[in-house]
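Have a look at the structure below, then the notes.
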Amino acid sequence: MLPYGRQSIDDEDVNAVVDALRSELITQGPTIERFEAALANYLGARHVVAFANGTAALHGAAFAAGLGPGDEVITSPLSFAASANCALYQGARPRFVDVSPRTWNLDTAAAAAAIGDRSRAVIAVSFAGLPADLEPLEPVRDRVVVIEDASHALGARRGGGLVGGPGGADLTTFSLHPVKAITTGEGGFVATGNDEFARLLRLFRTHGITKEGVTPSPAEGGWYYEMQALGFNYRITDFQCALGLSQLRRLDERVERRNEIAARYRELLANDVRIALPPAALGGTRHAYHLFVVRVLGGAEARLATFSALRRAGIGVQVHYIPIYRQPYYRDVLGYPQDNCPAAEEYYWSAISLPIFPGMSETDIERVVRELRKALP
C-alpha cells in the first residue's frame with residue numbers, strides 16, 4: 001500500500017537519537033532548548049516553545065491567549081478536531097465560519113465580520129500547507145488574538161517571510177507528527193514574537209509550575225517552586241528534539257520536493273474534467289503541500305467509488321477532513337448546526353487526498369495518476 005504520507009528517517013537521524021539516549025539527560029535537558037533555538041532561527045521568530053504534540057501546542061496557544069469560559073473562538077470547520085477542541089479545553093466555545101472555495105482556508109474576511117463582544121481569538125488553519133490569508137484580520141487585531149494553526153505549513157512562505165515568522169499571527173502552532181515535513185515522532189511547537197505569550201507557554205507545558213521569578217521564604221531553599229496556573233505535562237523529550245534537529249537540516253529540501261510532486265500531479269491531471277485540482281499558491285507565497293487534495297466532480301457516490309477503487313489498487317488515499325461540526329460530540333452533545341458552511345460541505349463530499357511525501361518516485365506518481373484515472377467514474 002502506497003500511503004498518503006510517510007516519514008523519512010536516515011542514518012544521521014538514527015545516530016542523533018542514539019547520541020541523545022546516551023547523554024546524561026533524555027528529557028528536560030539542553031537539546032530541547034537547542035531545538036527551539038534552531039527553529040526560531042529558521043523561522044525568524046523571537047520565541048519557539050516545543051510541546052509533546054501539535055494538539056498540546058494548540059492547547060498552549062489557547063491558554064496563552066487567555067481563553068476561558070464565556071469566550072468565543074472563530075475557526076475553520078475544515079481541519080483536524082484539535083483546531084476547535086483547544087478552545088473547548090479552556091472552557092471557550094468554537095464558532096465555525098465557512099472556508100473560502102478559492103483556498104479551502106478559513107474565509108478570514110467573513111471571520112473578521114463575525115467578531116462579536118464574546119470573540120476572544122481567531123484560529124486560522126493553513127489547510128494542506130497553503131498559507132492562510134491573515135490580512136483581512138488586521139483591522140480586528142486589537143480585539144482578538146490571532147492564532148494560526150500551521151500544522152500543515154512548516155516551511156511555507158507568505159509575503160516573503162516564513163509562516164511562523166515576523167508579521168504573521170500572534171501565535172503560530174506546528175505539528176511534528178511523522179507525516180509532516182519533519183518529525184520528532186510526536187511533537188509540536190508554538191512560535192511567537194510576544195514575550196508574555198512565550199512565558200505562559202513554558203509555564204503551561206510544565207503543570208503551571210516554575211522556579212523563575214519566585215522567592216522562597218527564609219526557611220526554604222533551592223528546591224522551592226510555585227504552581228502559578230493549572231497547566232499540563234506537555235513536555236517534549238531531548239531524544240525527540242535530537243531527531244528534530246537532525247531532520248531540520250533537510251526541511252527546505254523536503255518542501256521543495258513536495259512542490260515538485262505537486263507540480264507533476266498538476267501536469268499529469270490537468271486535462272481530466274472529472275476532477276478539480278487543489279488551490280495553488282499565489283504569487284509571493286510558497287505552498288508546503290502537506291496534502292495534495294483533488295475533488296471528484298461526479299458527486300458523493302462517485303467520490304466513494306473512486307476512493308474504494310484506489311484503496312483496492314493499493315493507493316492509500318485518505319479524506320482530510322470530515323467537517324468538525326459533523327462529529328457526534330459537536331453535533332449531538334454541543335448542538336452545532338449542520339448547514340452553516342456550504343463551502344466546507346461541498347469540499348467534504350468530493351475530496352480525496354492523494355499520496356504526497358518526499359520519498360515518492362516518478363514511478364509512484366505515475367502509478368497514482370494511472371490508478372486514479374481508472375478509478376474515476
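As shown in the C-alpha cells, the chain order sets the letters A, B, ...; within each chain, residues go from 1, and ligands are also counted from 1 in the order they appear.
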
Those of segment 61-197 of chain A in DSSP strand (DSSP E), formatted as number ranges by chain: A: 72-75, 93-96, 119-125, 145-149, 157-158, 161-162, 171-175, 188-192

Keeping only N, CA and C atoms, take the residues you just selected and write them out as a JSON list (two decimals), in the first residue's frame.
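Below you can see again-v9.json, which holds the result:
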```json
[["chain", "number", "residue", "atom", "x", "y", "z"],
["A", 72, "GLU", "N", -15.60, 33.18, 22.96],
["A", 72, "GLU", "CA", -15.88, 32.58, 21.66],
["A", 72, "GLU", "C", -14.60, 32.61, 20.84],
["A", 73, "VAL", "N", -14.36, 31.51, 20.11],
["A", 73, "VAL", "CA", -13.19, 31.41, 19.23],
["A", 73, "VAL", "C", -13.69, 31.10, 17.82],
["A", 74, "ILE", "N", -13.37, 31.95, 16.88],
["A", 74, "ILE", "CA", -13.78, 31.74, 15.50],
["A", 74, "ILE", "C", -12.72, 30.91, 14.79],
["A", 75, "THR", "N", -13.15, 29.84, 14.12],
["A", 75, "THR", "CA", -12.19, 28.98, 13.44],
["A", 75, "THR", "C", -12.83, 28.29, 12.25],
["A", 93, "ARG", "N", -15.93, 28.45, 23.55],
["A", 93, "ARG", "CA", -16.77, 27.77, 22.56],
["A", 93, "ARG", "C", -16.31, 28.14, 21.15],
["A", 94, "PRO", "N", -16.02, 27.14, 20.32],
["A", 94, "PRO", "CA", -15.68, 27.43, 18.92],
["A", 94, "PRO", "C", -16.91, 27.93, 18.16],
["A", 95, "ARG", "N", -16.67, 28.80, 17.23],
["A", 95, "ARG", "CA", -17.71, 29.23, 16.28],
["A", 95, "ARG", "C", -17.14, 29.03, 14.88],
["A", 96, "PHE", "N", -17.82, 28.22, 14.09],
["A", 96, "PHE", "CA", -17.30, 27.88, 12.77],
["A", 96, "PHE", "C", -17.78, 28.89, 11.73],
["A", 119, "SER", "N", -16.08, 37.38, 21.27],
["A", 119, "SER", "CA", -14.97, 36.82, 20.49],
["A", 119, "SER", "C", -13.63, 37.21, 21.12],
["A", 120, "ARG", "N", -12.81, 36.22, 21.38],
["A", 120, "ARG", "CA", -11.52, 36.46, 22.03],
["A", 120, "ARG", "C", -10.36, 36.10, 21.11],
["A", 121, "ALA", "N", -10.58, 35.17, 20.15],
["A", 121, "ALA", "CA", -9.50, 34.73, 19.29],
["A", 121, "ALA", "C", -10.06, 34.24, 17.96],
["A", 122, "VAL", "N", -9.21, 34.27, 16.95],
["A", 122, "VAL", "CA", -9.47, 33.63, 15.65],
["A", 122, "VAL", "C", -8.37, 32.62, 15.42],
["A", 123, "ILE", "N", -8.74, 31.38, 15.12],
["A", 123, "ILE", "CA", -7.77, 30.34, 14.78],
["A", 123, "ILE", "C", -7.91, 30.07, 13.29],
["A", 124, "ALA", "N", -6.96, 30.56, 12.51],
["A", 124, "ALA", "CA", -6.95, 30.35, 11.06],
["A", 124, "ALA", "C", -6.07, 29.16, 10.75],
["A", 125, "VAL", "N", -6.60, 28.22, 9.98],
["A", 125, "VAL", "CA", -5.88, 26.99, 9.64],
["A", 125, "VAL", "C", -5.29, 27.12, 8.24],
["A", 145, "VAL", "N", -7.04, 37.79, 19.63],
["A", 145, "VAL", "CA", -5.72, 37.20, 19.41],
["A", 145, "VAL", "C", -5.81, 36.34, 18.16],
["A", 146, "VAL", "N", -4.87, 36.52, 17.25],
["A", 146, "VAL", "CA", -4.84, 35.73, 16.02],
["A", 146, "VAL", "C", -3.88, 34.55, 16.21],
["A", 147, "ILE", "N", -4.44, 33.35, 16.11],
["A", 147, "ILE", "CA", -3.67, 32.12, 16.20],
["A", 147, "ILE", "C", -3.72, 31.45, 14.83],
["A", 148, "GLU", "N", -2.58, 31.06, 14.33],
["A", 148, "GLU", "CA", -2.54, 30.31, 13.07],
["A", 148, "GLU", "C", -2.19, 28.87, 13.38],
["A", 149, "ASP", "N", -3.08, 27.95, 12.99],
["A", 149, "ASP", "CA", -2.77, 26.54, 13.07],
["A", 149, "ASP", "C", -2.05, 26.19, 11.77],
["A", 157, "ARG", "N", 5.75, 29.83, 2.84],
["A", 157, "ARG", "CA", 6.08, 31.25, 2.86],
["A", 157, "ARG", "C", 4.87, 32.10, 2.51],
["A", 158, "ARG", "N", 4.81, 33.27, 3.14],
["A", 158, "ARG", "CA", 3.74, 34.23, 2.90],
["A", 158, "ARG", "C", 4.34, 35.62, 2.96],
["A", 161, "GLY", "N", 8.10, 36.09, 3.84],
["A", 161, "GLY", "CA", 8.62, 35.50, 5.07],
["A", 161, "GLY", "C", 8.01, 34.14, 5.33],
["A", 162, "LEU", "N", 8.64, 33.39, 6.19],
["A", 162, "LEU", "CA", 8.15, 32.07, 6.53],
["A", 162, "LEU", "C", 6.94, 32.14, 7.44],
["A", 171, "LEU", "N", 0.29, 33.97, 17.58],
["A", 171, "LEU", "CA", 0.78, 32.65, 17.98],
["A", 171, "LEU", "C", 0.60, 31.72, 16.79],
["A", 172, "THR", "N", 1.64, 31.01, 16.41],
["A", 172, "THR", "CA", 1.57, 30.08, 15.29],
["A", 172, "THR", "C", 1.96, 28.70, 15.78],
["A", 173, "THR", "N", 1.07, 27.72, 15.57],
["A", 173, "THR", "CA", 1.31, 26.37, 16.07],
["A", 173, "THR", "C", 1.67, 25.44, 14.92],
["A", 174, "PHE", "N", 2.53, 24.47, 15.23],
["A", 174, "PHE", "CA", 3.00, 23.50, 14.25],
["A", 174, "PHE", "C", 2.94, 22.09, 14.83],
["A", 175, "SER", "N", 2.84, 21.11, 13.95],
["A", 175, "SER", "CA", 2.88, 19.70, 14.33],
["A", 175, "SER", "C", 4.15, 19.06, 13.78],
["A", 188, "GLY", "N", 5.30, 19.02, 18.68],
["A", 188, "GLY", "CA", 4.75, 20.24, 18.12],
["A", 188, "GLY", "C", 5.45, 21.43, 18.75],
["A", 189, "PHE", "N", 5.15, 22.61, 18.24],
["A", 189, "PHE", "CA", 5.73, 23.82, 18.86],
["A", 189, "PHE", "C", 4.89, 25.02, 18.50],
["A", 190, "VAL", "N", 5.10, 26.08, 19.27],
["A", 190, "VAL", "CA", 4.44, 27.36, 19.04],
["A", 190, "VAL", "C", 5.51, 28.41, 18.82],
["A", 191, "ALA", "N", 5.33, 29.22, 17.78],
["A", 191, "ALA", "CA", 6.21, 30.36, 17.52],
["A", 191, "ALA", "C", 5.45, 31.64, 17.84],
["A", 192, "THR", "N", 6.12, 32.57, 18.48],
["A", 192, "THR", "CA", 5.50, 33.85, 18.83],
["A", 192, "THR", "C", 6.56, 34.93, 18.96]]
```

Using only C-alpha atoms, which residues sit within 6 Å of segment 179-187 of chain A once same-chain residues fewer than 4 positions away are excluded, as a PyMOL selection string? chain A and resi 5-7+51-54+240+243-244+247

Leu372 of chain A environment, 10 Å, only C-alpha atoms, sequence neighbours closer than 6 positions dropped, as a ChimeraX atom specification: /A:269,275,306-307,309-310,313,315,354,366

Do a neighbour search on Ser126 of chain A at 9 Å with only C-alpha atoms, toss out local chain neighbours closer than 6 positions, and write the hits as a list in words. Trp104, Asn105, Leu106, Ala132, Asp133, Glu148, Asp149, Ala150, Ser151, His152 and Ala153 of chain A

Can you spit out the residues from that selection as a JSON list (two decimals), in the first residue's frame, using C-alpha atoms?
```
[["chain", "number", "residue", "atom", "x", "y", "z"],
["A", 104, "TRP", "CA", -10.13, 25.89, 1.38],
["A", 105, "ASN", "CA", -8.77, 28.00, 4.26],
["A", 106, "LEU", "CA", -10.91, 29.95, 6.71],
["A", 132, "ALA", "CA", -3.93, 31.37, 5.35],
["A", 133, "ASP", "CA", -4.67, 34.95, 4.32],
["A", 148, "GLU", "CA", -2.54, 30.31, 13.07],
["A", 149, "ASP", "CA", -2.77, 26.54, 13.07],
["A", 150, "ALA", "CA", 0.12, 25.90, 10.70],
["A", 151, "SER", "CA", 0.38, 22.18, 11.44],
["A", 152, "HIS", "CA", 0.43, 21.59, 7.67],
["A", 153, "ALA", "CA", 2.54, 24.59, 6.78]]
```

Atom pair atom CA of Ser246 of chain A / atom CA of Val293 of chain A: separation (Å): 29.2 Å

In terms of the shortest atom-to-atom distance over only C-alpha atoms, which of A:Leu78, A:Pro355, A:Ala112, A:Leu304 is closest to Ile322 of chain A?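 The answer is A:Leu78, which sits nearest to Ile322 of chain A.
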
Measuring between only C-alpha atoms, which one of A:Pro69, A:Pro30, A:Gly168, A:Gly359 shows the shortest distance to Leu137 of chain A?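 With only C-alpha atoms as the atom set, the closest residue is A:Gly168.
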
Separation of atom CA of Arg286 of chain A and atom CA of Ala156 of chain A, in Å?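 These atoms are spaced 5.0 Å apart.
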
Atom-to-atom span, atom CA of Arg235 of chain A and atom CA of Glu253 of chain A, Å: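 Atom CA of Arg235 of chain A sits 28.4 Å away from atom CA of Glu253 of chain A.
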
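Ranking A:Arg312, A:Ala242, A:Tyr325, A:Cys86 by their shortest atom-to-atom distance to Lys374 of chain A, with only C-alpha atoms included, puts A:Arg312 first.
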
Every residue of segment 82-157 of chain A that DSSP places in alpha helix (DSSP H), as a ChimeraX atom specification: /A:82-89,108-114

With N, CA and C atoms retained, export the selected residues as an mmCIF file, in the first residue's frame.
```cif
data_model
loop_
_atom_site.group_PDB
_atom_site.id
_atom_site.type_symbol
_atom_site.label_atom_id
_atom_site.label_comp_id
_atom_site.auth_asym_id
_atom_site.auth_seq_id
_atom_site.Cartn_x
_atom_site.Cartn_y
_atom_site.Cartn_z
ATOM 1 N N ALA A 82 -8.577 19.021 16.670
ATOM 2 C CA ALA A 82 -7.814 19.778 17.670
ATOM 3 C C ALA A 82 -7.882 21.282 17.448
ATOM 4 N N SER A 83 -8.082 21.716 16.199
ATOM 5 C CA SER A 83 -8.132 23.156 15.919
ATOM 6 C C SER A 83 -9.289 23.832 16.637
ATOM 7 N N ALA A 84 -10.360 23.082 16.890
ATOM 8 C CA ALA A 84 -11.501 23.607 17.650
ATOM 9 C C ALA A 84 -11.481 23.123 19.090
ATOM 10 N N ASN A 85 -11.041 21.878 19.303
ATOM 11 C CA ASN A 85 -11.034 21.311 20.657
ATOM 12 C C ASN A 85 -10.217 22.149 21.630
ATOM 13 N N CYS A 86 -9.161 22.789 21.143
ATOM 14 C CA CYS A 86 -8.303 23.566 22.047
ATOM 15 C C CYS A 86 -9.094 24.678 22.729
ATOM 16 N N ALA A 87 -10.109 25.199 22.067
ATOM 17 C CA ALA A 87 -10.975 26.199 22.707
ATOM 18 C C ALA A 87 -11.825 25.549 23.789
ATOM 19 N N LEU A 88 -12.398 24.381 23.481
ATOM 20 C CA LEU A 88 -13.213 23.672 24.471
ATOM 21 C C LEU A 88 -12.404 23.327 25.714
ATOM 22 N N TYR A 89 -11.155 22.939 25.528
ATOM 23 C CA TYR A 89 -10.308 22.594 26.679
ATOM 24 C C TYR A 89 -10.228 23.731 27.685
ATOM 25 N N THR A 108 -11.200 34.529 6.018
ATOM 26 C CA THR A 108 -10.824 35.441 7.100
ATOM 27 C C THR A 108 -11.577 36.771 7.029
ATOM 28 N N ALA A 109 -12.017 37.164 5.843
ATOM 29 C CA ALA A 109 -12.851 38.373 5.760
ATOM 30 C C ALA A 109 -14.190 38.131 6.454
ATOM 31 N N ALA A 110 -14.782 36.957 6.225
ATOM 32 C CA ALA A 110 -16.033 36.610 6.912
ATOM 33 C C ALA A 110 -15.796 36.453 8.410
ATOM 34 N N ALA A 111 -14.636 35.911 8.773
ATOM 35 C CA ALA A 111 -14.309 35.754 10.193
ATOM 36 C C ALA A 111 -14.208 37.113 10.875
ATOM 37 N N ALA A 112 -13.550 38.057 10.214
ATOM 38 C CA ALA A 112 -13.425 39.400 10.788
ATOM 39 C C ALA A 112 -14.800 40.038 10.976
ATOM 40 N N ALA A 113 -15.685 39.836 10.002
ATOM 41 C CA ALA A 113 -17.034 40.408 10.097
ATOM 42 C C ALA A 113 -17.863 39.740 11.184
ATOM 43 N N ALA A 114 -17.517 38.490 11.537
ATOM 44 C CA ALA A 114 -18.299 37.739 12.523
ATOM 45 C C ALA A 114 -17.893 38.030 13.962
#
```

Contacts of Glu226 of chain A within 8 Å, only C-alpha atoms, excl. fewer than 4 positions in-chain, as a list in words: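 Listed by chain and then number, they are Ile209, Thr210, Lys211 and Val214 of chain A.
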
For Trp349 of chain A, please output as an MDAnalysis selection string all residues within 10 Å (counting only C-alpha atoms; exclusion window: fewer than 2 positions along the same chain). chainID A and resid 295:297 299:304 319 322 344:347 351:352

Leaving out segment 34-45 of chain A and any residue of its chain fewer than 2 positions from it, which residues lie within 6 Å of it when counting only C-alpha atoms, given as a list of chain:residue names?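 These residues fall inside the cut-off: A:Thr31, A:Ile32, A:His47, A:Val48, A:Leu162, A:Gly165, A:Cys241, A:Leu245.
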
Expected file: the selected residues, N, CA and C atoms, as a PDB file, in the first residue's frame:
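Resulting contents of result.pdb:
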```
ATOM      1  N   THR A  31      19.040  19.690  24.905  1.00  0.00           N
ATOM      2  CA  THR A  31      18.717  19.504  23.484  1.00  0.00           C
ATOM      3  C   THR A  31      17.395  20.177  23.130  1.00  0.00           C
ATOM      4  N   ILE A  32      16.489  20.249  24.085  1.00  0.00           N
ATOM      5  CA  ILE A  32      15.204  20.907  23.826  1.00  0.00           C
ATOM      6  C   ILE A  32      15.423  22.384  23.501  1.00  0.00           C
ATOM      7  N   HIS A  47      10.503  33.754  19.679  1.00  0.00           N
ATOM      8  CA  HIS A  47      10.407  32.634  20.607  1.00  0.00           C
ATOM      9  C   HIS A  47       9.828  31.411  19.906  1.00  0.00           C
ATOM     10  N   VAL A  48      10.334  30.240  20.256  1.00  0.00           N
ATOM     11  CA  VAL A  48       9.712  28.958  19.921  1.00  0.00           C
ATOM     12  C   VAL A  48       9.651  28.139  21.199  1.00  0.00           C
ATOM     13  N   LEU A 162       8.642  33.385   6.189  1.00  0.00           N
ATOM     14  CA  LEU A 162       8.151  32.066   6.527  1.00  0.00           C
ATOM     15  C   LEU A 162       6.938  32.144   7.445  1.00  0.00           C
ATOM     16  N   GLY A 165       6.983  33.291  11.219  1.00  0.00           N
ATOM     17  CA  GLY A 165       7.959  34.347  11.432  1.00  0.00           C
ATOM     18  C   GLY A 165       7.314  35.692  11.671  1.00  0.00           C
ATOM     19  N   CYS A 241      13.816  15.819  20.379  1.00  0.00           N
ATOM     20  CA  CYS A 241      14.369  17.055  19.830  1.00  0.00           C
ATOM     21  C   CYS A 241      15.670  16.808  19.078  1.00  0.00           C
ATOM     22  N   LEU A 245      16.231  18.161  15.404  1.00  0.00           N
ATOM     23  CA  LEU A 245      17.399  18.933  14.969  1.00  0.00           C
ATOM     24  C   LEU A 245      18.027  18.315  13.726  1.00  0.00           C
TER      25      LEU A 245
END
```

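Among the candidates A:Gly66, A:Pro139, A:Gly91, A:Gly231, the residue lying nearest to Arg205 of chain A is A:Gly231 (atoms considered: only C-alpha atoms).
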
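Nearest to Arg102 of chain A of all the residues A:Gln90, A:Pro323, A:Ala280, A:Gly116 is A:Ala280, counting only C-alpha atoms.
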
Ranking A:Leu282, A:Arg46, A:Asn233, A:Ile261 by minimum distance to Asp170 of chain A and counting only C-alpha atoms, which one comes first?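 The shortest atom-to-atom distance to Asp170 of chain A comes from A:Arg46.
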